[in-house]
Structures are given as structure tokens and as C-alpha cells.
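Structure data follow from final-v1.tsv (TSV, C-alpha atoms):
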```tsv
chain	number	residue	atom	x	y	z
A	1	MET	CA	14.95	135.40	93.49
A	2	LEU	CA	18.73	135.13	93.17
A	3	PRO	CA	20.79	138.17	94.20
A	4	ARG	CA	22.37	140.10	91.34
A	5	THR	CA	25.95	139.07	90.63
A	6	ASP	CA	28.77	141.55	90.06
A	7	TYR	CA	29.87	140.46	86.60
A	8	SER	CA	32.84	142.80	86.25
A	9	GLU	CA	35.33	139.98	86.88
A	10	VAL	CA	33.27	137.14	85.38
A	11	SER	CA	34.23	135.54	82.05
A	12	ASP	CA	31.79	135.28	79.17
A	13	GLN	CA	31.67	131.52	79.58
A	14	GLN	CA	30.67	131.75	83.22
A	15	VAL	CA	28.07	134.44	82.50
A	16	VAL	CA	26.57	132.08	79.93
A	17	VAL	CA	26.47	129.29	82.51
A	18	TYR	CA	24.45	131.59	84.76
A	19	ALA	CA	22.18	132.46	81.83
A	20	GLN	CA	21.70	128.75	81.14
A	21	GLN	CA	20.57	128.42	84.74
A	22	GLY	CA	17.81	130.93	84.04
A	23	ARG	CA	19.36	134.06	85.49
A	24	GLU	CA	17.91	137.07	83.68
A	25	ASP	CA	20.65	139.37	84.95
A	26	ALA	CA	23.22	137.13	83.29
A	27	TYR	CA	21.46	137.37	79.95
A	28	ARG	CA	21.22	141.16	80.34
A	29	GLU	CA	24.96	141.20	81.03
A	30	LEU	CA	25.65	139.39	77.75
A	31	ILE	CA	23.55	141.96	75.91
A	32	THR	CA	25.40	144.80	77.64
A	33	ARG	CA	28.75	143.34	76.62
A	34	TYR	CA	27.90	142.63	73.01
A	35	GLU	CA	25.00	144.79	71.79
A	36	ARG	CA	27.28	147.48	70.34
A	37	PRO	CA	29.74	145.19	68.49
A	38	VAL	CA	26.85	143.07	67.16
A	39	PHE	CA	24.99	146.15	65.94
A	40	SER	CA	28.18	147.59	64.44
A	41	LEU	CA	28.91	144.42	62.47
A	42	ILE	CA	25.33	144.09	61.22
A	43	PHE	CA	25.04	147.75	60.30
A	44	ARG	CA	28.23	147.64	58.24
A	45	MET	CA	26.72	144.73	56.35
A	46	VAL	CA	23.17	146.01	55.74
A	47	ARG	CA	23.91	149.78	55.62
A	48	ASP	CA	20.62	150.72	57.30
A	49	LYS	CA	20.25	151.68	60.96
A	50	GLU	CA	16.69	150.48	61.58
A	51	THR	CA	17.31	147.20	59.79
A	52	ALA	CA	20.50	146.68	61.79
A	53	GLU	CA	18.64	147.30	65.04
A	54	ASP	CA	15.96	144.78	64.05
A	55	LEU	CA	18.51	142.14	63.06
A	56	ALA	CA	20.53	142.72	66.24
A	57	GLN	CA	17.38	142.22	68.30
A	58	GLU	CA	16.61	139.06	66.33
A	59	THR	CA	20.16	137.88	67.02
A	60	PHE	CA	19.83	138.25	70.79
A	61	ILE	CA	16.40	136.61	70.78
A	62	LYS	CA	17.89	133.63	68.97
A	63	VAL	CA	20.80	133.58	71.42
A	64	LEU	CA	18.36	133.47	74.32
A	65	ASN	CA	16.29	130.72	72.72
A	66	ASN	CA	19.40	128.64	71.99
A	67	ILE	CA	21.55	129.47	75.01
A	68	ASP	CA	21.47	125.85	76.20
A	69	ARG	CA	23.22	124.79	72.99
A	70	TYR	CA	26.29	126.90	73.68
A	71	LEU	CA	29.29	124.90	74.87
A	72	PRO	CA	31.50	126.86	77.34
A	73	GLU	CA	34.74	125.40	75.96
A	74	PHE	CA	34.24	127.53	72.85
A	75	LYS	CA	34.56	131.31	72.56
A	76	PHE	CA	31.15	132.86	73.24
A	77	SER	CA	31.71	135.85	70.96
A	78	SER	CA	32.42	133.53	68.01
A	79	TRP	CA	29.17	131.67	68.64
A	80	LEU	CA	27.28	134.95	68.96
A	81	PHE	CA	28.77	136.44	65.79
A	82	LYS	CA	27.99	133.22	63.92
A	83	ILE	CA	24.32	133.70	64.75
A	84	ALA	CA	24.46	137.40	63.83
A	85	ASN	CA	26.24	136.62	60.57
A	86	ASN	CA	23.76	133.90	59.57
A	87	ILE	CA	20.77	136.14	60.27
A	88	THR	CA	22.30	139.04	58.35
A	89	ILE	CA	23.42	137.00	55.33
A	90	ASP	CA	19.95	135.42	55.13
A	91	PHE	CA	18.41	138.89	55.19
A	92	LEU	CA	20.73	140.20	52.47
A	93	ARG	CA	20.04	137.22	50.26
A	94	ARG	CA	16.29	137.63	50.67
A	95	ARG	CA	16.31	141.35	49.97
A	96	GLN	CA	19.20	141.43	47.50
A	97	ILE	CA	20.45	144.75	48.84
A	98	ASP	CA	24.16	144.10	48.56
A	99	THR	CA	25.07	147.69	47.69
A	100	ILE	CA	22.77	149.91	49.74
A	101	SER	CA	24.50	153.23	50.37
A	102	ILE	CA	25.57	154.36	53.79
A	103	GLU	CA	23.90	157.68	53.03
A	104	GLY	CA	20.67	158.18	54.95
A	105	ALA	CA	22.01	156.81	58.22
A	106	PRO	CA	24.78	159.29	59.06
A	107	ASP	CA	24.69	158.73	62.81
A	108	ALA	CA	24.73	154.94	62.74
A	109	VAL	CA	28.48	154.71	62.19
A	110	THR	CA	30.19	157.44	64.14
A	111	ALA	CA	33.27	159.34	63.07
A	112	GLU	CA	35.17	157.38	65.70
A	113	SER	CA	34.00	154.09	64.18
A	114	LYS	CA	34.99	155.23	60.69
A	115	ARG	CA	38.41	156.24	61.99
A	116	ALA	CA	38.80	152.85	63.69
A	117	THR	CA	37.81	151.10	60.47
A	118	ALA	CA	40.38	153.11	58.53
A	119	ILE	CA	43.14	152.34	61.02
A	120	ALA	CA	42.23	148.64	61.11
A	121	LEU	CA	42.13	148.23	57.35
A	122	ALA	CA	45.15	150.43	56.68
A	123	SER	CA	47.42	148.61	59.14
A	124	GLY	CA	50.05	146.25	57.90
A	125	GLY	CA	50.40	147.98	54.55
A	126	GLU	CA	47.27	146.30	53.25
A	127	SER	CA	45.51	149.51	52.16
A	128	PRO	CA	46.78	151.64	49.30
A	129	LEU	CA	45.48	154.85	50.82
A	130	GLN	CA	47.50	155.30	53.98
A	131	GLU	CA	48.35	158.85	52.94
A	132	LEU	CA	44.74	160.02	53.33
A	133	GLU	CA	43.45	161.52	56.53
A	134	SER	CA	41.89	158.91	58.81
A	135	LYS	CA	38.42	160.43	58.70
A	136	GLU	CA	38.35	160.72	54.93
A	137	LEU	CA	39.80	157.24	54.53
A	138	GLY	CA	37.25	155.82	56.95
A	139	GLU	CA	34.37	157.28	54.98
A	140	GLN	CA	35.73	155.96	51.70
A	141	ILE	CA	36.32	152.51	53.17
A	142	GLU	CA	32.82	152.40	54.64
A	143	ARG	CA	31.35	153.11	51.20
A	144	ALA	CA	33.65	150.58	49.56
A	145	ILE	CA	32.72	147.91	52.10
A	146	GLY	CA	29.08	148.51	51.23
A	147	LYS	CA	29.81	147.52	47.63
A	148	LEU	CA	31.26	144.10	48.54
A	149	ARG	CA	29.14	140.98	48.21
A	150	PRO	CA	27.78	139.92	51.65
A	151	GLU	CA	30.15	136.98	52.13
A	152	TYR	CA	33.22	139.10	51.38
A	153	ARG	CA	31.88	141.89	53.58
A	154	ALA	CA	31.39	139.58	56.55
A	155	CYS	CA	34.88	138.09	56.28
A	156	ILE	CA	36.71	141.40	55.85
A	157	LEU	CA	34.86	142.98	58.79
A	158	LEU	CA	35.45	140.02	61.08
A	159	ARG	CA	39.14	140.01	60.17
A	160	HIS	CA	40.04	143.70	60.18
A	161	VAL	CA	37.43	145.32	62.42
A	162	GLU	CA	36.60	142.58	64.94
A	163	ASP	CA	40.17	141.17	64.78
A	164	TYR	CA	39.25	137.50	64.51
A	165	SER	CA	41.75	134.93	63.27
A	166	TYR	CA	41.19	133.14	59.98
A	167	ASP	CA	40.30	129.95	61.87
A	168	GLU	CA	37.73	131.79	63.99
A	169	ILE	CA	36.21	133.43	60.92
A	170	ALA	CA	35.91	130.03	59.23
A	171	GLU	CA	34.00	128.81	62.28
A	172	ILE	CA	31.74	131.88	62.37
A	173	VAL	CA	30.81	131.91	58.69
A	174	LYS	CA	30.82	128.10	58.36
A	175	LEU	CA	33.21	128.01	55.43
A	176	PRO	CA	36.50	126.14	54.82
A	177	LEU	CA	39.61	128.00	55.92
A	178	GLY	CA	40.88	128.23	52.33
A	179	THR	CA	37.61	129.81	51.21
A	180	VAL	CA	37.82	132.40	53.98
A	181	LYS	CA	41.36	133.33	52.94
A	182	THR	CA	40.25	133.60	49.32
A	183	TYR	CA	37.26	135.80	50.25
A	184	ILE	CA	39.44	138.12	52.30
A	185	HIS	CA	42.05	138.34	49.54
A	186	ARG	CA	39.37	139.14	46.95
A	187	ALA	CA	37.67	141.61	49.29
A	188	ARG	CA	40.96	143.47	49.78
A	189	ALA	CA	41.48	143.57	46.02
A	190	GLU	CA	37.97	144.93	45.44
A	191	LEU	CA	38.42	147.51	48.18
A	192	ARG	CA	41.65	148.69	46.56
A	193	GLU	CA	39.83	149.02	43.23
A	194	HIS	CA	36.91	150.94	44.74
A	195	LEU	CA	39.23	153.22	46.71
A	196	ALA	CA	41.58	153.83	43.78
A	197	ALA	CA	38.59	154.87	41.67
A	198	VAL	CA	37.76	157.76	44.04
A	199	LYS	CA	41.29	159.10	44.33
```
Just dump the structure as C-alpha cells.
Amino acid sequence: MLPRTDYSEVSDQQVVVYAQQGREDAYRELITRYERPVFSLIFRMVRDKETAEDLAQETFIKVLNNIDRYLPEFKFSSWLFKIANNITIDFLRRRQIDTISIEGAPDAVTAESKRATAIALASGGESPLQELESKELGEQIERAIGKLRPEYRACILLRHVEDYSYDEIAEIVKLPLGTVKTYIHRARAELREHLAAVK
């Protein structure tokens, strides 16, 4: 049995190489690094804590089963989020639950997460509600995000919450760059409409 590696200074790509060699501690390290952001992204898309947990677990199972297909020259997190996004979009299309309310899962997105969402989406003058308190704005944005169609929701979250570039988002969601820009533009417009309606 191989001795456990201290992964604190090890890049994602190298951890994946260890995982590809069959090291269970390397795979556990990848889960430790990404379970929270993966769950957060999925939850904001499906609006249900238990469903998000199930889909996150399915994501990591698929990552394990396909770890040999990952190419280290690419960003691991983009590859991981692509899998998470595909699984989540497939689920939403099957269930047609595009607008499930955030109510009923109050602990799944913490106040800190809502505040971070508000700050992310309000930066750069792109939100019309900068004058609201961060907590209140975060709650309103979370509800508004839940009303977006799944493809818009994925793009806006990857851009403004996960801070991916347009090119990276296009790779994750497997859409042309122009389509991604259009989705994000339309998502922002819809968010402004939803948020203006509750003012």
C-alpha cells in the first residue's frame, strides 16, 4: 500500500495523475477540494438539497469511472464542472423543474453564500440593485436565478459565481462562444426584470 501523500502543495493535475494510477487518497483529495463548489453549483440549479446531494454524488462517481479520460493539460475543474453541468441539465430536462423555489431548503445555501452571490452579480455595475443590503439582494438574486431556464442558469452561475471566462464556460457547457455570451446577456436581462418586479 502506497504511503499517503501530503497534497497541500500538489496541483489538481498531479493529484489526478495519482488518481489515474489507482491511488484512493488522491481521489479523496479531489472530492475534498471540489465537493462544496460542485454541490453549490448543482443546488443553485435544481433548488433542492437532497437532489443536489444525489447529483453531486453521481458527478463524482462519473469522474471516478472516467478519470483515465482526463487530460492533464486541461483545467481539471472545467472538466469536473462539465460533468456536473451535463448531469444536472439532463436531470432538469427529465423532470422539467426549471422554477422550483428555494423555499424548503433554507440551510442549503447559507447567508454567506447568498451574500457572495449578491456581491458577484452586483459587481461591475451589472446589477440594478446595488443599493440593497447584500443579504436581501442575495436572497432576491437566488430566487431570480431559480426562475431562469437551466442553460441560462448554468452560464450565469459559472460566469459570476464560479468566475469562469467565457471561453471556459463554452467548453464546460459544450456550446459556441457566441451562444454563451448570448445566454449570459439574456440571463442578466431576465434577472433585472425579476429583481425589478420585487422592488
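Picture a line from atom CA of Ala19 of chain A to atom CA of Phe81 of chain A; it runs 17.8 Å.
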Please, what distance in Å, to one decimal, runs between atom CA of Asp90 of chain A and atom CA of Tyr152 of chain A? 14.3 Å
I'd like the contact shell of Val17 of chain A - 9 Å cut-off, all atoms listed in the file, skipping same-chain residues fewer than 6 positions apart - returned as a ChimeraX atom specification. /A:26,67-68,72
Compile the contact shell of segment 167-175 of chain A as a count of residues only: residues with an atom at most 7 Å away, counting all atoms listed in the file, same-chain residues fewer than 3 positions apart removed. 10
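Closest to Lys75 of chain A among A:Asp54, A:Glu35, A:Asp12, A:Glu151 is A:Asp12, based on all atoms listed in the file.
Nearest residue to Ala144 of chain A, choosing from A:Ala56, A:Ala196, A:Ile89, A:Thr32 and counting only C-alpha atoms: A:Ala196.
Taking atom CA of Asp48 of chain A as the reference point, atom CA of Ser77 of chain A is found at 23.0 Å.
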When you count only C-alpha atoms, which of these residues is closest to Arg143 of chain A: A:Leu177, A:Gln14, A:Thr182, A:Val46? A:Val46
Using only C-alpha atoms, which protein or nucleic acid residues come within 10 Å of Ser40 of chain A? Drop anything in the same chain fewer than 2 positions from it, and give the result as an mmCIF file with C-alpha atoms, in the frame of the given file.
```cif
data_model
loop_
_atom_site.group_PDB
_atom_site.id
_atom_site.type_symbol
_atom_site.label_atom_id
_atom_site.label_comp_id
_atom_site.auth_asym_id
_atom_site.auth_seq_id
_atom_site.Cartn_x
_atom_site.Cartn_y
_atom_site.Cartn_z
ATOM 1 C CA TYR A 34 27.900 142.630 73.010
ATOM 2 C CA GLU A 35 25.000 144.790 71.790
ATOM 3 C CA ARG A 36 27.280 147.480 70.340
ATOM 4 C CA PRO A 37 29.740 145.190 68.490
ATOM 5 C CA VAL A 38 26.850 143.070 67.160
ATOM 6 C CA ILE A 42 25.330 144.090 61.220
ATOM 7 C CA PHE A 43 25.040 147.750 60.300
ATOM 8 C CA ARG A 44 28.230 147.640 58.240
ATOM 9 C CA MET A 45 26.720 144.730 56.350
ATOM 10 C CA LYS A 49 20.250 151.680 60.960
ATOM 11 C CA ALA A 52 20.500 146.680 61.790
ATOM 12 C CA GLU A 53 18.640 147.300 65.040
ATOM 13 C CA ALA A 56 20.530 142.720 66.240
ATOM 14 C CA ALA A 108 24.730 154.940 62.740
ATOM 15 C CA VAL A 109 28.480 154.710 62.190
ATOM 16 C CA SER A 113 34.000 154.090 64.180
ATOM 17 C CA LEU A 157 34.860 142.980 58.790
ATOM 18 C CA VAL A 161 37.430 145.320 62.420
ATOM 19 C CA GLU A 162 36.600 142.580 64.940
#
```
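Distances from A:Leu55, A:Val16, A:Ala154, A:Ile87 to Arg69 of chain A were compared using all atoms listed in the file, and the smallest one belongs to A:Val16.
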